[in-house]
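Undergrad: This is the structure, below, for whatever I ask next.
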Amino acid sequence: MSVTTRKPTLIESMACGGAAAAFAVNFTHPIELVKTRMQVSGGGLGATISGVVKEGGVTAFWKGLPFGWGRELSYTSVKLGAYAPVRNAIGAGGPDAGIGMKFLAGALTGGFGSILGNPFDVLKTLAQTNTKGEGLGLLVGNLYRDQGMGGFYRGVQVNIMRACVLNATKMGVYDATKGFVTEQTGWGRKDIKTSFSAAFVAGFFMTLTVSPWDMIRTKLMNQPTDAKLYDGFADCAAKTIKEGGVLSLWRGFIPIWARFAPQATLQLLTIEMIYNKMGYSGI
């Protein structure tokens, strides 16, 4: 007996996206913490991991997780959950739709979602790089005291650019790869093997395109609350290249990929499962 599905509304789809992302971040947060500290300190993978363990034990890898939840329930609910409705609204949901339109849908939802999630991104970054044992409340208070509400939106320009590139790559490649896998293997679009294969490919290409933007964003957001080290995106990029060369923009590539691949896979598999359980058509 066939099961009838329907397209979710924008709000329904965003709720599914937020739930999927909040679930996935519990598993990927430790990887992101290591990645963030490597980008800030310039240290190696082994030294960074051992430093985290010495600082606070195994639980230190989940430092800043509440802000991670806030980020996923705001930013990712839009970039992941709103993708399919926006894609369909601009006419990119058909099997013959070009990949460029899918990239556009991903860029639109990613850019808008990053504006909502920027405060949580800033606080999460500060919490992950905090080695002084300051509580979450103190971090929020110090940032507001020193910079006001504007402090919660520092780095927002590069965050929007990063989100556009990230989500365009993630959702565009995932969507297009699902179609390719379906054609080549005969698997259905809702088959878990199709979703897993497409999510893995999307995670790799995300890392290639987003690493430089991620580096600049981390440095801008990790500036002390009472000081300004960089005068915007261009200044930060120039100083980073001057200090470590062009390839330094890809510092932390391995932990970024180690985070993006499982995160993209978990998020996309989870949202597809939620769509299926709710009787909605998938991506």
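Simple scheme: letters A, B, ... for chains in structure tokens order, numbers from 1 for residues in each chain, numbers from 1 for ligands in the order shown.
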Where does DSSP see alpha helix (DSSP H) in segment 19-263 of chain A, if you list the residues as JSON, numbers by chain?
TA: {"A": [19, 20, 21, 22, 23, 24, 25, 26, 27, 28, 29, 30, 31, 32, 33, 34, 35, 36, 37, 38, 39, 40, 41, 45, 46, 47, 48, 49, 50, 51, 52, 53, 54, 55, 56, 65, 66, 67, 68, 69, 70, 71, 77, 78, 79, 83, 84, 85, 86, 87, 88, 89, 99, 100, 101, 102, 103, 104, 105, 106, 107, 108, 109, 110, 111, 112, 113, 114, 115, 116, 117, 118, 119, 120, 121, 122, 123, 124, 125, 126, 127, 128, 129, 136, 137, 138, 139, 140, 141, 142, 143, 144, 145, 146, 147, 156, 157, 158, 159, 160, 161, 162, 163, 164, 165, 166, 167, 168, 169, 170, 171, 172, 173, 174, 175, 176, 177, 178, 179, 180, 181, 182, 183, 184, 185, 192, 193, 194, 195, 196, 197, 198, 199, 200, 201, 202, 203, 204, 205, 206, 207, 208, 209, 210, 211, 212, 213, 214, 215, 216, 217, 218, 219, 220, 221, 233, 234, 235, 236, 237, 238, 239, 240, 241, 242, 243, 244, 253, 254, 255, 256, 257, 258, 259, 260, 261, 262, 263]}
Undergrad: Residues at most 12 Å from segment 171-174 of chain A, counting only C-alpha atoms, excluding those fewer than 6 positions away in the same chain, as a tab-separated table (two decimals) with N, CA, C and O atoms, in the first residue's frame?
TA:
```
chain	number	residue	atom	x	y	z
A	79	LYS	N	18.48	27.42	7.68
A	79	LYS	CA	19.32	27.00	6.54
A	79	LYS	C	19.02	25.57	6.10
A	79	LYS	O	19.10	25.25	4.92
A	80	LEU	N	18.66	24.71	7.05
A	80	LEU	CA	18.35	23.31	6.72
A	80	LEU	C	16.85	23.12	6.48
A	80	LEU	O	16.43	22.56	5.45
A	81	GLY	N	16.05	23.61	7.42
A	81	GLY	CA	14.62	23.37	7.33
A	81	GLY	C	13.91	24.17	6.26
A	81	GLY	O	12.94	23.70	5.66
A	82	ALA	N	14.39	25.40	6.00
A	82	ALA	CA	13.69	26.24	5.02
A	82	ALA	C	14.14	25.95	3.59
A	82	ALA	O	13.54	26.47	2.64
A	83	TYR	N	15.18	25.14	3.42
A	83	TYR	CA	15.73	24.91	2.08
A	83	TYR	C	14.70	24.37	1.10
A	83	TYR	O	14.49	24.94	0.01
A	84	ALA	N	14.04	23.26	1.44
A	84	ALA	CA	13.10	22.64	0.50
A	84	ALA	C	11.94	23.56	0.13
A	84	ALA	O	11.63	23.70	-1.06
A	86	VAL	N	11.88	26.86	0.14
A	86	VAL	CA	12.41	27.96	-0.68
A	86	VAL	C	12.81	27.45	-2.07
A	86	VAL	O	12.54	28.10	-3.09
A	87	ARG	N	13.42	26.29	-2.11
A	87	ARG	CA	13.78	25.69	-3.40
A	87	ARG	C	12.55	25.50	-4.27
A	87	ARG	O	12.56	25.83	-5.47
A	92	ALA	N	12.91	25.37	-8.24
A	92	ALA	CA	14.08	24.49	-8.37
A	92	ALA	C	13.84	23.11	-7.80
A	92	ALA	O	14.78	22.35	-7.58
A	93	GLY	N	12.56	22.76	-7.57
A	93	GLY	CA	12.26	21.48	-6.96
A	93	GLY	C	12.05	20.33	-7.93
A	93	GLY	O	12.00	19.18	-7.52
A	97	ALA	N	15.49	20.69	-12.73
A	97	ALA	CA	15.98	21.99	-12.27
A	97	ALA	C	17.50	22.00	-12.25
A	97	ALA	O	18.14	21.01	-11.86
A	98	GLY	N	18.09	23.11	-12.65
A	98	GLY	CA	19.54	23.23	-12.68
A	98	GLY	C	20.13	23.33	-11.29
A	98	GLY	O	19.48	23.80	-10.35
A	99	ILE	N	21.39	22.92	-11.16
A	99	ILE	CA	22.04	22.93	-9.85
A	99	ILE	C	22.25	24.37	-9.36
A	99	ILE	O	22.30	24.63	-8.17
A	100	GLY	N	22.34	25.31	-10.31
A	100	GLY	CA	22.53	26.70	-9.93
A	100	GLY	C	21.38	27.23	-9.09
A	100	GLY	O	21.59	27.98	-8.12
A	101	MET	N	20.16	26.84	-9.42
A	101	MET	CA	19.00	27.28	-8.67
A	101	MET	C	18.97	26.63	-7.29
A	101	MET	O	18.52	27.22	-6.31
A	102	LYS	N	19.45	25.40	-7.20
A	102	LYS	CA	19.53	24.74	-5.90
A	102	LYS	C	20.57	25.44	-5.02
A	102	LYS	O	20.37	25.61	-3.81
A	103	PHE	N	21.69	25.85	-5.64
A	103	PHE	CA	22.70	26.60	-4.91
A	103	PHE	C	22.12	27.93	-4.43
A	103	PHE	O	22.41	28.38	-3.32
A	104	LEU	N	21.31	28.57	-5.25
A	104	LEU	CA	20.70	29.84	-4.87
A	104	LEU	C	19.78	29.66	-3.67
A	104	LEU	O	19.80	30.48	-2.73
A	105	ALA	N	18.97	28.63	-3.68
A	105	ALA	CA	18.08	28.36	-2.55
A	105	ALA	C	18.88	28.13	-1.26
A	105	ALA	O	18.52	28.63	-0.19
A	106	GLY	N	19.99	27.41	-1.38
A	106	GLY	CA	20.85	27.17	-0.22
A	106	GLY	C	21.49	28.44	0.29
A	106	GLY	O	21.61	28.66	1.49
A	107	ALA	N	21.93	29.29	-0.64
A	107	ALA	CA	22.57	30.55	-0.26
A	107	ALA	C	21.58	31.48	0.44
A	107	ALA	O	21.91	32.14	1.45
A	108	LEU	N	20.36	31.54	-0.05
A	108	LEU	CA	19.34	32.41	0.54
A	108	LEU	C	19.00	31.99	1.96
A	108	LEU	O	18.97	32.82	2.89
A	109	THR	N	18.76	30.72	2.15
A	109	THR	CA	18.39	30.24	3.49
A	109	THR	C	19.59	30.30	4.44
A	109	THR	O	19.43	30.60	5.63
A	110	GLY	N	20.77	30.02	3.93
A	110	GLY	CA	21.96	30.08	4.77
A	110	GLY	C	22.26	31.50	5.22
A	110	GLY	O	22.57	31.75	6.39
A	163	ALA	N	27.97	31.51	5.49
A	163	ALA	CA	26.74	30.72	5.49
A	163	ALA	C	26.19	30.53	4.08
A	163	ALA	O	25.67	29.47	3.75
A	164	CYS	N	26.30	31.58	3.25
A	164	CYS	CA	25.83	31.47	1.87
A	164	CYS	C	26.62	30.41	1.12
A	164	CYS	O	26.06	29.57	0.41
A	165	VAL	N	27.96	30.46	1.26
A	165	VAL	CA	28.82	29.49	0.58
A	165	VAL	C	28.58	28.08	1.13
A	165	VAL	O	28.43	27.12	0.37
A	180	PHE	N	21.61	12.17	-8.82
A	180	PHE	CA	22.62	11.39	-9.55
A	180	PHE	C	22.66	9.94	-9.04
A	180	PHE	O	22.68	9.00	-9.84
A	181	VAL	N	22.67	9.78	-7.72
A	181	VAL	CA	22.72	8.44	-7.14
A	181	VAL	C	21.48	7.64	-7.51
A	181	VAL	O	21.56	6.45	-7.85
A	189	ARG	N	14.83	8.16	-3.84
A	189	ARG	CA	15.35	9.37	-3.20
A	189	ARG	C	15.21	9.30	-1.68
A	189	ARG	O	15.98	9.95	-0.95
A	194	THR	N	20.78	6.33	-0.34
A	194	THR	CA	20.87	7.51	-1.20
A	194	THR	C	21.21	8.73	-0.37
A	194	THR	O	22.10	9.52	-0.72
A	195	SER	N	20.50	8.92	0.73
A	195	SER	CA	20.72	10.08	1.60
A	195	SER	C	22.13	10.06	2.19
A	195	SER	O	22.81	11.10	2.24
A	196	PHE	N	22.58	8.89	2.64
A	196	PHE	CA	23.91	8.79	3.24
A	196	PHE	C	24.99	9.12	2.22
A	196	PHE	O	25.93	9.88	2.52
A	197	SER	N	24.90	8.56	1.03
A	197	SER	CA	25.90	8.81	-0.01
A	197	SER	C	25.97	10.29	-0.37
A	197	SER	O	27.05	10.88	-0.48
A	198	ALA	N	24.79	10.89	-0.56
A	198	ALA	CA	24.73	12.30	-0.94
A	198	ALA	C	25.25	13.20	0.17
A	198	ALA	O	25.95	14.19	-0.08
A	199	ALA	N	24.94	12.88	1.43
A	199	ALA	CA	25.39	13.68	2.57
A	199	ALA	C	26.90	13.62	2.72
A	199	ALA	O	27.56	14.62	3.03
A	200	PHE	N	27.49	12.44	2.49
A	200	PHE	CA	28.95	12.29	2.60
A	200	PHE	C	29.66	13.14	1.55
A	200	PHE	O	30.64	13.82	1.83
A	201	VAL	N	29.16	13.11	0.33
A	201	VAL	CA	29.75	13.91	-0.75
A	201	VAL	C	29.62	15.40	-0.43
A	201	VAL	O	30.56	16.18	-0.59
A	202	ALA	N	28.45	15.80	0.06
A	202	ALA	CA	28.22	17.21	0.39
A	202	ALA	C	29.18	17.67	1.49
A	202	ALA	O	29.70	18.79	1.43
A	203	GLY	N	29.43	16.82	2.49
A	203	GLY	CA	30.33	17.18	3.58
A	203	GLY	C	31.74	17.46	3.10
A	203	GLY	O	32.41	18.38	3.58
A	204	PHE	N	32.22	16.68	2.12
A	204	PHE	CA	33.58	16.89	1.60
A	204	PHE	C	33.68	18.22	0.85
A	204	PHE	O	34.61	19.00	1.08
A	205	PHE	N	32.74	18.48	-0.02
A	205	PHE	CA	32.80	19.72	-0.80
A	205	PHE	C	32.56	20.95	0.07
A	205	PHE	O	33.08	22.03	-0.20
A	206	MET	N	31.76	20.80	1.13
A	206	MET	CA	31.58	21.90	2.08
A	206	MET	C	32.92	22.31	2.68
A	206	MET	O	33.22	23.50	2.82
A	209	THR	N	35.17	24.41	0.29
A	209	THR	CA	34.74	25.77	-0.02
A	209	THR	C	34.63	26.67	1.21
A	209	THR	O	34.79	27.89	1.10
A	261	ALA	N	31.57	16.35	7.73
A	261	ALA	CA	31.09	15.09	7.14
A	261	ALA	C	30.05	14.41	8.03
A	261	ALA	O	28.94	14.13	7.59
A	264	ALA	N	26.91	16.92	8.57
A	264	ALA	CA	26.02	16.98	7.42
A	264	ALA	C	25.24	15.68	7.29
A	264	ALA	O	24.02	15.69	7.03
A	265	THR	N	25.92	14.56	7.50
A	265	THR	CA	25.26	13.25	7.38
A	265	THR	C	24.18	13.09	8.44
A	265	THR	O	23.04	12.69	8.14
A	267	GLN	N	22.63	15.47	10.23
A	267	GLN	CA	21.55	16.44	10.04
A	267	GLN	C	20.61	16.01	8.92
A	267	GLN	O	19.39	16.00	9.08
A	268	LEU	N	21.21	15.65	7.80
A	268	LEU	CA	20.39	15.33	6.62
A	268	LEU	C	19.65	14.01	6.78
A	268	LEU	O	18.48	13.90	6.40
A	269	LEU	N	20.30	13.01	7.35
A	269	LEU	CA	19.61	11.74	7.60
A	269	LEU	C	18.48	11.92	8.61
A	269	LEU	O	17.39	11.36	8.45
A	283	ILE	N	13.71	15.93	0.86
A	283	ILE	CA	14.45	16.89	0.04
A	283	ILE	C	14.68	16.32	-1.34
A	283	ILE	O	15.04	15.17	-1.49
```
Undergrad: Hey, what's within 12 Å of Gly137 of chain A if we count only C-alpha atoms and toss same-chain stuff fewer than 6 positions away? As an NGL selection string, please?
TA: :A and (64 or 66-67 or 123 or 126-127 or 143-144)
Undergrad: Which one is closest to Ile256 of chain A: A:Ser77, A:Thr270, A:Thr28, A:Thr207? Count only C-alpha atoms.
TA: A:Thr207
Undergrad: Please compute the atom CA of Ile274 of chain A-atom CA of Asn159 of chain A distance, one decimal, in Å.
TA: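 Value for the atom CA of Ile274 of chain A-atom CA of Asn159 of chain A distance: 28.1 Å.
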Undergrad: Of the candidates A:Met14, A:Met278, A:Ala47, A:Ala60, which one gets nearest to Asn130 of chain A if we count only C-alpha atoms?
TA: A:Ala60
Undergrad: Need the shell around Met161 of chain A: protein/DNA/RNA residues with any atom at most 12 Å away, counting only C-alpha atoms. Skip same-chain ones fewer than 5 positions apart. Format as a PyMOL selection string?
TA: chain A and resi 107-115+155-156+166-168+209-210+212-214+216-217+233
Undergrad: Quick one, how far is atom CA of Glu32 of chain A from atom CA of Thr48 of chain A?
TA: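 Straight-line distance from atom CA of Glu32 of chain A to atom CA of Thr48 of chain A works out to 11.9 Å.
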